[in-house]
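Colleague: Next comes work_25.csv, CSV, C-alpha atoms:
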chain,number,residue,atom,x,y,z
A,1,MET,CA,0.0,0.0,0.0
A,2,LEU,CA,1.4,3.4,-1.1
A,3,ARG,CA,1.9,6.0,1.6
A,4,ASN,CA,0.2,9.3,1.2
A,5,THR,CA,2.6,12.2,0.5
A,6,LEU,CA,3.0,15.2,2.8
A,7,THR,CA,1.3,17.3,0.2
A,8,GLU,CA,-1.6,14.9,-0.2
A,9,GLU,CA,-2.1,14.9,3.6
A,10,ASN,CA,-2.2,18.7,3.7
A,11,TYR,CA,-5.0,18.6,1.0
A,12,LEU,CA,-6.8,15.9,3.0
A,13,LYS,CA,-6.6,18.1,6.1
A,14,ALA,CA,-8.0,21.0,4.2
A,15,PHE,CA,-11.0,18.7,3.3
A,16,PHE,CA,-11.6,18.1,7.0
A,17,HIS,CA,-11.6,21.7,7.9
A,18,LEU,CA,-13.5,23.1,4.9
A,19,ALA,CA,-16.2,20.5,4.0
A,20,ASN,CA,-19.8,21.5,4.5
A,21,GLU,CA,-22.7,19.4,5.8
A,22,LYS,CA,-22.9,17.7,2.4
A,23,ASN,CA,-19.2,16.7,2.4
A,24,GLU,CA,-18.5,19.2,-0.4
A,25,VAL,CA,-15.8,21.8,-0.9
A,26,SER,CA,-14.8,24.1,-3.8
A,27,VAL,CA,-11.5,24.3,-5.6
A,28,ASN,CA,-11.4,28.0,-4.7
A,29,GLU,CA,-11.8,27.3,-1.0
A,30,ILE,CA,-8.9,24.8,-1.1
A,31,SER,CA,-6.8,27.2,-3.1
A,32,LYS,CA,-7.2,29.9,-0.5
A,33,PHE,CA,-6.8,27.6,2.5
A,34,LEU,CA,-3.5,26.1,1.3
A,35,ASN,CA,-2.4,29.2,-0.5
A,36,VAL,CA,-1.8,27.4,-3.8
A,37,LYS,CA,-3.0,28.3,-7.3
A,38,MET,CA,-6.2,26.8,-8.6
A,39,PRO,CA,-4.7,24.9,-11.5
A,40,THR,CA,-2.4,23.2,-9.0
A,41,VAL,CA,-5.5,22.2,-6.9
A,42,ASN,CA,-7.3,20.9,-10.0
A,43,ASN,CA,-4.4,18.7,-10.9
A,44,MET,CA,-4.3,17.3,-7.3
A,45,MET,CA,-8.1,16.7,-7.4
A,46,LYS,CA,-7.7,14.6,-10.5
A,47,LYS,CA,-5.3,12.4,-8.6
A,48,PHE,CA,-7.7,12.2,-5.6
A,49,ALA,CA,-10.5,11.2,-8.0
A,50,GLU,CA,-8.3,8.3,-9.2
A,51,LYS,CA,-7.9,7.2,-5.6
A,52,LYS,CA,-11.7,7.4,-5.1
A,53,TRP,CA,-11.3,10.0,-2.4
A,54,ILE,CA,-13.6,12.4,-4.2
A,55,VAL,CA,-16.0,12.8,-7.0
A,56,TYR,CA,-14.6,15.5,-9.3
A,57,GLU,CA,-16.2,17.3,-12.1
A,58,SER,CA,-15.1,20.6,-13.6
A,59,TYR,CA,-16.9,23.7,-12.4
A,60,LYS,CA,-18.8,21.7,-9.7
A,61,PRO,CA,-18.2,21.4,-6.0
A,62,ILE,CA,-15.9,18.6,-5.0
A,63,LYS,CA,-17.8,15.7,-3.4
A,64,ILE,CA,-15.7,14.0,-0.7
A,65,THR,CA,-16.4,10.2,-0.6
A,66,GLU,CA,-16.5,8.1,2.6
A,67,SER,CA,-13.0,6.8,2.0
A,68,GLY,CA,-11.8,10.4,1.4
A,69,ARG,CA,-13.5,11.6,4.6
A,70,LYS,CA,-11.8,8.8,6.6
A,71,GLU,CA,-8.4,9.5,5.1
A,72,ALA,CA,-8.8,13.2,6.1
A,73,ALA,CA,-9.9,12.4,9.6
A,74,LEU,CA,-6.9,10.1,10.1
A,75,VAL,CA,-4.5,12.9,9.3
A,76,VAL,CA,-6.3,15.1,11.8
A,77,ARG,CA,-6.2,12.2,14.3
A,78,LYS,CA,-2.4,12.1,14.2
A,79,HIS,CA,-2.2,15.9,14.6
A,80,ARG,CA,-4.6,16.1,17.6
A,81,LEU,CA,-3.1,13.0,19.4
A,82,THR,CA,0.3,14.6,19.1
A,83,GLU,CA,-0.9,17.9,20.5
A,84,MET,CA,-2.4,16.0,23.5
A,85,PHE,CA,0.7,14.0,24.0
A,86,LEU,CA,2.9,17.1,24.0
A,87,VAL,CA,0.7,18.7,26.6
A,88,LYS,CA,-0.1,15.8,28.9
A,89,LYS,CA,3.2,13.8,28.8
A,90,MET,CA,5.8,16.4,27.9
A,91,ASN,CA,4.3,19.5,29.7
A,92,PHE,CA,4.2,21.8,26.7
A,93,GLY,CA,1.8,24.7,26.9
A,94,TRP,CA,-1.3,24.4,24.7
A,95,GLU,CA,0.0,27.5,22.8
A,96,ASN,CA,3.3,25.7,21.8
A,97,VAL,CA,2.1,22.4,20.3
A,98,HIS,CA,0.5,23.2,16.9
A,99,GLU,CA,3.7,23.7,14.9
A,100,ILE,CA,5.3,20.6,16.3
A,101,ALA,CA,2.2,18.6,15.6
A,102,GLU,CA,2.2,19.9,12.0
A,103,GLN,CA,5.5,18.1,11.5
A,104,LEU,CA,4.7,14.9,13.4
A,105,GLU,CA,1.3,14.4,11.7
A,106,HIS,CA,3.1,13.2,8.6
A,107,VAL,CA,4.8,10.3,10.3
A,108,HIS,CA,3.6,7.0,8.6
A,109,SER,CA,3.3,4.6,11.5
A,110,PRO,CA,-0.2,3.7,12.8
A,111,ILE,CA,1.3,1.7,15.7
A,112,PHE,CA,3.2,4.8,16.8
A,113,PHE,CA,0.0,6.8,17.1
A,114,ASP,CA,-2.0,3.9,18.5
A,115,LYS,CA,0.6,3.6,21.3
A,116,MET,CA,0.4,7.4,21.9
A,117,ASP,CA,-3.4,7.0,22.2
A,118,GLU,CA,-3.0,4.2,24.7
A,119,LEU,CA,-0.5,6.1,26.8
A,120,LEU,CA,-3.0,9.0,27.0
A,121,ASP,CA,-5.8,6.6,28.0
A,122,PHE,CA,-7.7,7.2,24.7
A,123,PRO,CA,-8.6,10.9,25.0
A,124,LYS,CA,-11.7,12.1,23.2
A,125,MET,CA,-10.5,15.7,22.9
A,126,ASP,CA,-7.3,17.5,22.1
A,127,PRO,CA,-5.8,20.3,24.3
A,128,HIS,CA,-7.9,22.9,22.5
A,129,GLY,CA,-11.2,21.0,23.0
A,130,GLU,CA,-11.4,19.6,19.4
A,131,PRO,CA,-12.5,16.0,19.0
A,132,ILE,CA,-9.9,13.4,18.2
A,133,PRO,CA,-11.0,11.0,15.5
A,134,ASP,CA,-10.8,7.3,16.4
A,135,LYS,CA,-8.9,4.7,14.3
A,136,ASP,CA,-11.8,4.4,11.9
A,137,GLY,CA,-12.0,8.1,11.4
A,138,ASN,CA,-15.2,8.5,13.4
A,139,ILE,CA,-15.7,11.7,15.4
A,140,ILE,CA,-17.9,12.4,18.4
A,141,SER,CA,-20.4,15.2,17.9
A,142,GLN,CA,-20.0,18.4,19.8
A,143,ASP,CA,-22.8,20.5,21.1
A,144,PHE,CA,-20.9,23.7,21.6
A,145,VAL,CA,-21.9,27.3,20.9
A,146,LYS,CA,-19.8,30.5,20.7
A,147,LEU,CA,-19.7,32.5,23.9
A,148,SER,CA,-20.7,35.5,21.8
A,149,GLN,CA,-24.0,33.9,21.1
A,150,CYS,CA,-24.9,33.4,24.7
A,151,LYS,CA,-27.3,35.7,26.6
A,152,LEU,CA,-26.9,37.8,29.7
A,153,LYS,CA,-26.7,35.8,33.0
A,154,SER,CA,-26.0,32.5,31.1
A,155,LYS,CA,-23.9,30.0,33.0
A,156,VAL,CA,-21.7,28.0,30.7
A,157,ILE,CA,-18.6,25.8,30.6
A,158,PHE,CA,-15.6,26.9,28.6
A,159,SER,CA,-15.1,23.8,26.4
A,160,ALA,CA,-13.0,24.6,23.3
A,161,VAL,CA,-11.4,27.3,21.1
A,162,THR,CA,-11.9,27.9,17.4
A,163,THR,CA,-8.2,28.7,16.7
A,164,SER,CA,-4.9,27.4,18.1
A,165,GLU,CA,-2.9,30.6,17.2
A,166,ASP,CA,-0.1,31.1,19.6
A,167,ASP,CA,-0.9,34.8,20.3
A,168,PHE,CA,-4.6,34.0,21.1
A,169,LEU,CA,-3.8,31.1,23.4
A,170,THR,CA,-1.1,33.2,25.2
A,171,TYR,CA,-3.8,35.9,25.6
A,172,LEU,CA,-6.0,33.3,27.3
A,173,ASN,CA,-3.1,32.1,29.5
A,174,GLU,CA,-2.5,35.7,30.7
A,175,ARG,CA,-6.1,35.9,31.8
A,176,ASN,CA,-6.0,32.4,33.4
A,177,LEU,CA,-8.8,31.2,31.1
A,178,LYS,CA,-8.8,27.4,30.9
A,179,LEU,CA,-11.0,24.7,29.4
A,180,GLY,CA,-13.5,23.3,31.9
A,181,GLN,CA,-14.0,26.6,33.8
A,182,LYS,CA,-17.5,27.7,34.6
A,183,LEU,CA,-18.3,31.1,33.3
A,184,GLU,CA,-21.2,33.5,33.9
A,185,ILE,CA,-22.1,36.4,31.7
A,186,GLU,CA,-22.5,39.4,34.0
A,187,LYS,CA,-22.7,42.2,31.4
A,188,ILE,CA,-22.9,42.6,27.6
A,189,GLU,CA,-22.0,46.1,26.2
A,190,LYS,CA,-24.5,47.3,23.7
A,191,TYR,CA,-21.9,49.4,21.8
A,192,ASP,CA,-19.3,46.8,21.0
A,193,LEU,CA,-20.8,43.5,22.4
A,194,SER,CA,-17.9,43.0,24.7
A,195,MET,CA,-18.7,40.8,27.7
A,196,THR,CA,-17.9,40.9,31.4
A,197,ILE,CA,-17.5,37.4,32.5
A,198,LYS,CA,-17.4,36.0,36.0
A,199,ILE,CA,-14.9,33.2,36.4
A,200,GLU,CA,-15.0,31.7,39.9
A,201,ASP,CA,-14.2,34.7,42.2
A,202,ARG,CA,-13.0,37.2,39.6
A,203,THR,CA,-14.2,38.9,36.5
A,204,GLU,CA,-12.7,39.5,33.1
A,205,THR,CA,-13.9,41.8,30.3
A,206,LEU,CA,-13.5,40.1,26.8
A,207,SER,CA,-13.9,41.7,23.4
A,208,HIS,CA,-16.5,40.5,21.0
A,209,MET,CA,-13.6,39.1,18.8
A,210,VAL,CA,-12.4,37.0,21.7
A,211,CYS,CA,-15.9,35.8,22.6
A,212,GLU,CA,-16.3,34.7,19.0
A,213,LYS,CA,-13.4,32.3,19.4
A,214,LEU,CA,-14.5,30.7,22.7
A,215,LEU,CA,-16.8,27.7,22.5
A,216,VAL,CA,-18.9,26.8,25.5
A,217,LYS,CA,-21.4,24.2,26.6
A,218,LEU,CA,-24.7,25.4,28.0
As a first step, turn the structure in this file into structure tokens.
Modeller:
Amino acid sequence: MLRNTLTEENYLKAFFHLANEKNEVSVNEISKFLNVKMPTVNNMMKKFAEKKWIVYESYKPIKITESGRKEAALVVRKHRLTEMFLVKKMNFGWENVHEIAEQLEHVHSPIFFDKMDELLDFPKMDPHGEPIPDKDGNIISQDFVKLSQCKLKSKVIFSAVTTSEDDFLTYLNERNLKLGQKLEIEKIEKYDLSMTIKIEDRTETLSHMVCEKLLVKL
């Protein structure tokens, strides 16, 4: 069995992040996401169609097949397991693991990642609250909403973030905001929609932009 190339895995990961409810994505979306030219994307999609990962027709949305969806999920599995291992077993901060995981996700050794999974006691989420696909590419559904969508006096649990950018996670660290904390919305500014949040025995005022990136469970 031929191994997927690094470039192929990056395209597969783009599928995972961009696909809509119908498992479709456009060439233009992939081009922007990967910062590559559209003719290059089209050439790769022809190869993917040969591998039965997609149904590809010119000028139509790309339809990701079940095998393509699984291949994409397995790349993401390697990335998210690596992030969790770096945090739980090597004491990295959650803001320092993304770039390392970007490199290790291309290791071609299922038993390596299965062992990592076992050592972590089979986690369901990565350090950023994102679900870790299982060995068959299945993902548990999440019932999270953006903090920005919550109403005044809502009591929620901070469960995930929508981005793993270093600067954003460092910002959360500086405010001692961590996954699993209970939050209560004490005030919503009408002018800029910023929120004053009660976290245990203290309060923090968060901009609307930050609240858009925090996912919570009601």
Colleague: I'd like to know which of A:Asn10, A:Ser31, A:Asn176, A:Ser148 is closest to Glu204 in chain A, using all atoms listed in the file.
Modeller: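 Counting all atoms listed in the file, the residue closest to Glu204 in chain A is A:Asn176.
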Colleague: At a cut-off of 12 Å, can you tabulate as CSV every residue of range 85-194 of chain A near range 12-18 of chain A together with its closest atom pair and the distance in Å to one decimal, using all atoms listed in the file and ordering rows by chain then number?
Modeller:
residue,atom,partner,partner_atom,distance
A:Glu102,CA,A:Lys13,CA,10.7
A:Glu105,CA,A:Lys13,CA,10.4
A:His106,CA,A:Lys13,CA,11.2
A:Glu130,CA,A:His17,CA,11.7
A:Pro133,CA,A:Phe16,CA,11.1
A:Gly137,CA,A:Phe16,CA,10.9
A:Ile139,CA,A:Phe16,CA,11.3
A:Thr162,CA,A:His17,CA,11.3
A:Thr163,CA,A:His17,CA,11.7
Colleague: From the options A:Lys124, A:Arg77, A:Lys217, A:Arg3, which residue's atoms come nearest to Asp143 in chain A, counting only C-alpha atoms?
Modeller: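 Of the candidates, the smallest distance to Asp143 in chain A is held by A:Lys217.
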Colleague: For CA of Val25 in chain A and CA of Ile62 in chain A, quote the distance in Å rounded to one decimal.
Modeller: 5.2 Å
Colleague: Provide an axis-aligned box for all listed atoms of range 141-152 of chain A, padding each side by 6 Å; report its centre and its edge lengths in Å to one decimal, as JSON.
Modeller:
{"center_x": -23.5, "center_y": 26.5, "center_z": 23.8, "size_x": 19.6, "size_y": 34.6, "size_z": 23.8}
Colleague: Would you please work out which residue, of A:Asn4, A:Ser159, A:Asn96, A:Ser154, is nearest to Pro131 in chain A when using only C-alpha atoms?
Modeller: A:Ser159
Colleague: So, counting all atoms listed in the file, which residue among A:Phe85, A:Phe168, A:Phe113, A:Phe158 is closest to Val216 in chain A?
Modeller: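 Once distances to Val216 in chain A are computed over all atoms listed in the file, the minimum belongs to A:Phe158.
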Colleague: Find, counting all atoms listed in the file, the residue in A:Leu172, A:Val210, A:Leu152, A:Leu86 that gets nearest to Glu189 in chain A.
Modeller: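 Of A:Leu172, A:Val210, A:Leu152, A:Leu86, the one nearest Glu189 in chain A is A:Leu152, counting all atoms listed in the file.
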Colleague: Can you work out the spacing between CA of His208 in chain A and CA of Phe92 in chain A in Å, to one decimal?
Modeller: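 Straight-line distance from CA of His208 in chain A to CA of Phe92 in chain A works out to 28.5 Å.
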Colleague: Find the residues around Thr205 in chain A up to 8 Å (all atoms listed in the file counted), leave out those fewer than 4 positions away in its own chain, and share them as a VMD selection string.
Modeller: chain A and resid 194 to 197
